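Below is one structure; the comments refer to it alone.
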Amino acid sequence: MDPDGGWRYHDPHQWGPGMYHHGFHHGPPPWMDGPGVLFPLLSALFPLLLLLWVLSRWFVLDALAARGRDALAGRGDTVKPQWEAAVGRFGETARAYAAYECDPSAVLHRPALADVGEPATARFVDAFAEATALATDAYPGPQAGERFVAAAEGADRAWQAAVDAADRVRAAHFAPGERAVLEQTLSLLELARSSPHEAERRSAYERARRRLTDLERRTGWALPRPAGELLAARARGMLGAPAA
């Protein structure tokens, strides 16, 4: 018997189809083939995976940094909320002014508000023009935003002051006969609004227009252009023109 108890190493290739492969494969056992394939594959994929990781980190960190900058800028800019509030306040002032200028009856009740010779009215017209020039569709930044906020607040205060002054003055600047024309014109406008007859309404509007034309010739005071155009349209009977 051999010294090793009859067991000797034998080259598997000498055995032929060995006990490991049952005739389907020649060579070393299958678990010895894996590293030879896996390592080259990992070597090829590693640079690509590293590049994808770097790009993902880059974009994620950049997005987080941008978000942080925006958040800090939003917290640091205290003017923007004031500007947004001023935009709303100025819009209310503009709508009130437009409603007045388009309503002949409102103008005749407060004629001083349409007279730039009245100091309070002149101050409002200047303040309103300044705010209009500074108004923007989008937030213009802190410096321009502060200027608009101040201008919008000034226009709002000037409007209220002009309205109060017009209520106090009323028609005091007109002579008695001129005040009578104002009252007659208001009566004609009321008749035009209440009459169910088209011909009567048009006649009332036309007579009111003629009286105001005469008053303008005598005093130099006139309806604002929007109110005058509306009154002329109603006198012609134009469809769609709102009642004055």
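Ligands are numbered from 1 in the order shown, chains are lettered A, B, ... in the order of the structure tokens, and residues start at 1 in each chain.
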
Which residues, written as a VMD selection string, have at least one atom at most 10 Å from Ala94 of chain A, with only C-alpha atoms counted and residues fewer than 3 positions away on the same chain left out? chain A and resid 88 to 91 97 to 100 128 132 155 to 156 159

Tell me which protein, DNA and RNA residues are within 8 Å of segment 106-118 of chain A, counting only C-alpha atoms, leaving out same-chain ones fewer than 2 positions away, and put them as a ChimeraX atom specification. /A:100-101,103-104,120-122,125,162-163,165-167,169-171,182,186,221-224

Store the residues of this selection in a file with N, CA, C and O atoms, as an mmCIF file, in the first residue's frame.
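File written: again.cif
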data_model
loop_
_atom_site.group_PDB
_atom_site.id
_atom_site.type_symbol
_atom_site.label_atom_id
_atom_site.label_comp_id
_atom_site.auth_asym_id
_atom_site.auth_seq_id
_atom_site.Cartn_x
_atom_site.Cartn_y
_atom_site.Cartn_z
ATOM 1 N N TYR A 100 -64.925 108.217 -9.688
ATOM 2 C CA TYR A 100 -65.351 109.620 -9.579
ATOM 3 C C TYR A 100 -65.342 110.296 -10.943
ATOM 4 O O TYR A 100 -66.311 110.962 -11.338
ATOM 5 N N GLU A 101 -64.263 110.144 -11.679
ATOM 6 C CA GLU A 101 -64.129 110.847 -12.964
ATOM 7 C C GLU A 101 -65.110 110.336 -14.026
ATOM 8 O O GLU A 101 -65.350 111.040 -15.007
ATOM 9 N N ASP A 103 -68.298 109.488 -13.338
ATOM 10 C CA ASP A 103 -69.670 109.657 -12.835
ATOM 11 C C ASP A 103 -70.005 111.147 -12.786
ATOM 12 O O ASP A 103 -69.574 111.854 -11.872
ATOM 13 N N PRO A 104 -70.785 111.661 -13.757
ATOM 14 C CA PRO A 104 -71.124 113.100 -13.750
ATOM 15 C C PRO A 104 -71.792 113.544 -12.460
ATOM 16 O O PRO A 104 -71.517 114.649 -11.968
ATOM 17 N N ALA A 120 -55.810 121.155 -2.480
ATOM 18 C CA ALA A 120 -55.825 119.740 -2.090
ATOM 19 C C ALA A 120 -55.939 118.840 -3.318
ATOM 20 O O ALA A 120 -55.301 117.777 -3.384
ATOM 21 N N THR A 121 -56.729 119.257 -4.298
ATOM 22 C CA THR A 121 -56.859 118.471 -5.532
ATOM 23 C C THR A 121 -55.542 118.465 -6.305
ATOM 24 O O THR A 121 -55.117 117.419 -6.827
ATOM 25 N N ALA A 122 -54.887 119.614 -6.389
ATOM 26 C CA ALA A 122 -53.610 119.685 -7.098
ATOM 27 C C ALA A 122 -52.566 118.785 -6.438
ATOM 28 O O ALA A 122 -51.788 118.094 -7.126
ATOM 29 N N VAL A 125 -53.333 115.183 -7.447
ATOM 30 C CA VAL A 125 -52.983 114.888 -8.844
ATOM 31 C C VAL A 125 -51.475 114.663 -8.970
ATOM 32 O O VAL A 125 -51.021 113.726 -9.651
ATOM 33 N N ALA A 162 -58.093 115.385 -0.363
ATOM 34 C CA ALA A 162 -58.800 116.100 -1.427
ATOM 35 C C ALA A 162 -60.302 115.868 -1.345
ATOM 36 O O ALA A 162 -61.098 116.794 -1.566
ATOM 37 N N VAL A 163 -60.699 114.643 -1.026
ATOM 38 C CA VAL A 163 -62.131 114.344 -0.871
ATOM 39 C C VAL A 163 -62.712 115.145 0.296
ATOM 40 O O VAL A 163 -63.802 115.738 0.186
ATOM 41 N N ALA A 165 -61.603 117.943 1.549
ATOM 42 C CA ALA A 165 -61.643 119.363 1.195
ATOM 43 C C ALA A 165 -62.800 119.652 0.243
ATOM 44 O O ALA A 165 -63.497 120.678 0.377
ATOM 45 N N ALA A 166 -63.048 118.756 -0.717
ATOM 46 C CA ALA A 166 -64.159 118.954 -1.649
ATOM 47 C C ALA A 166 -65.506 118.901 -0.932
ATOM 48 O O ALA A 166 -66.439 119.636 -1.290
ATOM 49 N N ASP A 167 -65.608 118.050 0.078
ATOM 50 C CA ASP A 167 -66.858 117.996 0.848
ATOM 51 C C ASP A 167 -67.074 119.290 1.631
ATOM 52 O O ASP A 167 -68.223 119.737 1.805
ATOM 53 N N VAL A 169 -65.807 122.330 0.798
ATOM 54 C CA VAL A 169 -65.973 123.458 -0.119
ATOM 55 C C VAL A 169 -67.294 123.377 -0.866
ATOM 56 O O VAL A 169 -68.004 124.376 -1.049
ATOM 57 N N ARG A 170 -67.613 122.158 -1.356
ATOM 58 C CA ARG A 170 -68.786 121.932 -2.205
ATOM 59 C C ARG A 170 -68.783 122.932 -3.367
ATOM 60 O O ARG A 170 -67.836 122.966 -4.144
ATOM 61 N N ALA A 171 -69.792 123.733 -3.483
ATOM 62 C CA ALA A 171 -69.886 124.672 -4.619
ATOM 63 C C ALA A 171 -69.632 126.112 -4.170
ATOM 64 O O ALA A 171 -70.110 127.060 -4.803
ATOM 65 N N LEU A 182 -75.678 124.052 -11.396
ATOM 66 C CA LEU A 182 -75.254 122.742 -10.897
ATOM 67 C C LEU A 182 -76.448 121.956 -10.360
ATOM 68 O O LEU A 182 -76.594 120.755 -10.640
ATOM 69 N N LEU A 186 -78.009 118.408 -11.809
ATOM 70 C CA LEU A 186 -78.201 117.210 -10.988
ATOM 71 C C LEU A 186 -79.640 116.703 -11.082
ATOM 72 O O LEU A 186 -79.880 115.485 -11.145
ATOM 73 N N TRP A 221 -64.622 126.084 -15.295
ATOM 74 C CA TRP A 221 -64.679 124.747 -14.677
ATOM 75 C C TRP A 221 -65.322 123.779 -15.660
ATOM 76 O O TRP A 221 -66.261 124.146 -16.382
ATOM 77 N N ALA A 222 -64.872 122.511 -15.686
ATOM 78 C CA ALA A 222 -65.436 121.537 -16.614
ATOM 79 C C ALA A 222 -65.443 120.148 -15.994
ATOM 80 O O ALA A 222 -64.647 119.847 -15.084
ATOM 81 N N LEU A 223 -66.346 119.329 -16.496
ATOM 82 C CA LEU A 223 -66.338 117.921 -16.100
ATOM 83 C C LEU A 223 -65.029 117.265 -16.541
ATOM 84 O O LEU A 223 -64.456 117.633 -17.569
ATOM 85 N N PRO A 224 -64.538 116.294 -15.784
ATOM 86 C CA PRO A 224 -63.422 115.490 -16.295
ATOM 87 C C PRO A 224 -63.812 114.827 -17.619
ATOM 88 O O PRO A 224 -64.988 114.557 -17.866
#

Find, counting only C-alpha atoms, the residue in A:Gln184, A:Gln160, A:Ser194, A:Thr213 that gets nearest to Gly228 of chain A.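 Closest candidate: A:Thr213.
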